[in-house]
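> Let me give you the structure first, and then I'll get to my questions.
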Amino acid sequence: MHAVGDPCWRDSQGVAHVALPHRVHLPDGTTRTDPEQWSLDENVVAITGWSRSTLTQEDIDRMYP
C-alpha cells in the first residue's frame with residue numbers, strides 16, 4: 001500500500017502514477033521502451049509530459065476508492 005509522500009510520477013494531466021508506462025512515443029516518431037533508462041533522460045521525460053512528484057492523500061483516495 002502506498003502512503004502520502006511516497007515518490008510517484010505525474011502525467012501531463014497531473015494524474016499520479018506509481019510506475020512509468022513501459023512505452024512512450026516521442027514527437028520525432030521514435031519509441032522508448034525501457035522506463036528505467038528513459039526516465040533518466042530529462043529531455044525525454046519533459047517531452048513526454050512526465051514529472052517526478054510525491055503522492056498526496058487525494059492521489060491515494062483516487063487509487064483506492
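Ordered as shown in the C-alpha cells, chains take letters A, B, and onward, while each chain numbers its residues from 1 and ligands are numbered from 1 in the order shown.
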Looking only at the backbone, which of the residues in chain A does DSSP tag as alpha helix (DSSP H), as an MDAnalysis selection string?
chainID A and resid 35:38 42:47 57:63
> Could you write out that same residue set with C-alpha atoms as an mmCIF file, in the first residue's frame?

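As a result, result-v7.cif now contains:
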```cif
data_model
loop_
_atom_site.group_PDB
_atom_site.id
_atom_site.type_symbol
_atom_site.label_atom_id
_atom_site.label_comp_id
_atom_site.auth_asym_id
_atom_site.auth_seq_id
_atom_site.Cartn_x
_atom_site.Cartn_y
_atom_site.Cartn_z
ATOM 1 C CA PRO A 35 11.376 3.215 -18.394
ATOM 2 C CA GLU A 36 14.415 2.533 -16.199
ATOM 3 C CA GLN A 37 16.556 4.102 -18.925
ATOM 4 C CA TRP A 38 14.332 6.767 -20.470
ATOM 5 C CA GLU A 42 15.456 14.647 -18.600
ATOM 6 C CA ASN A 43 14.662 15.625 -22.199
ATOM 7 C CA VAL A 44 12.572 12.502 -22.818
ATOM 8 C CA VAL A 45 10.760 12.923 -19.501
ATOM 9 C CA ALA A 46 9.945 16.561 -20.324
ATOM 10 C CA ILE A 47 8.925 15.901 -23.935
ATOM 11 C CA GLN A 57 -3.924 11.938 0.153
ATOM 12 C CA GLU A 58 -6.098 12.887 -2.818
ATOM 13 C CA ASP A 59 -3.949 10.699 -5.108
ATOM 14 C CA ILE A 60 -4.278 7.740 -2.755
ATOM 15 C CA ASP A 61 -8.040 8.238 -2.476
ATOM 16 C CA ARG A 62 -8.264 8.096 -6.287
ATOM 17 C CA MET A 63 -6.124 4.946 -6.456
#
```
> According to DSSP computed on the backbone, where in chain A is there strand (DSSP E)? Give the residues as JSON, numbers by chain.
{"A": [7, 8, 9, 10, 16, 17, 24, 25, 31, 32, 51, 52, 53, 54]}
> Skipping near chain neighbours, those fewer than 5 positions away, what residues fall within 10 Å of Thr54 of chain A using only C-alpha atoms, listed as a PyMOL selection string?
chain A and resi 3-10+16-18+59
> Given the selection you just returned, output its residues as a file containing C-alpha atoms, formatted as a CSV table (one decimal), in the first residue's frame.

```csv
chain,number,residue,atom,x,y,z
A,3,ALA,CA,1.5,6.4,1.6
A,4,VAL,CA,1.3,10.1,1.4
A,5,GLY,CA,4.8,11.4,0.5
A,6,ASP,CA,5.8,8.3,-1.4
A,7,PRO,CA,7.6,9.1,-4.7
A,8,CYS,CA,5.5,9.0,-7.9
A,9,TRP,CA,5.3,10.2,-11.4
A,10,ARG,CA,2.7,12.7,-12.8
A,16,ALA,CA,-0.2,10.4,-10.2
A,17,HIS,CA,1.3,7.0,-11.2
A,18,VAL,CA,3.5,4.8,-9.1
A,59,ASP,CA,-3.9,10.7,-5.1
```
> Quick one: residues within 8 Å of Val24 of chain A, only C-alpha atoms, excluding same-chain residues fewer than 6 positions away - as a list of chain:residue names?
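Counting only the stated atoms, we get A:Thr31, A:Arg32, A:Thr33, A:Thr48.
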> For atom CA of Leu40 of chain A and atom CA of Arg52 of chain A, determine how far apart the two atoms are, in Å to one decimal place.
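We find that atom CA of Leu40 of chain A and atom CA of Arg52 of chain A lie 11.2 Å from each other.
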> Could you tell me which of A:Val15, A:Tyr64, A:Gly49, A:Asp41 comes closest to Pro27 of chain A if we count only C-alpha atoms?
A:Gly49
> Which of these residues is nearest to Ser39 of chain A, using only C-alpha atoms: A:Gly14, A:Arg23, A:Pro65, A:Leu55?
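Among the listed residues, the smallest separation from Ser39 of chain A belongs to A:Arg23.
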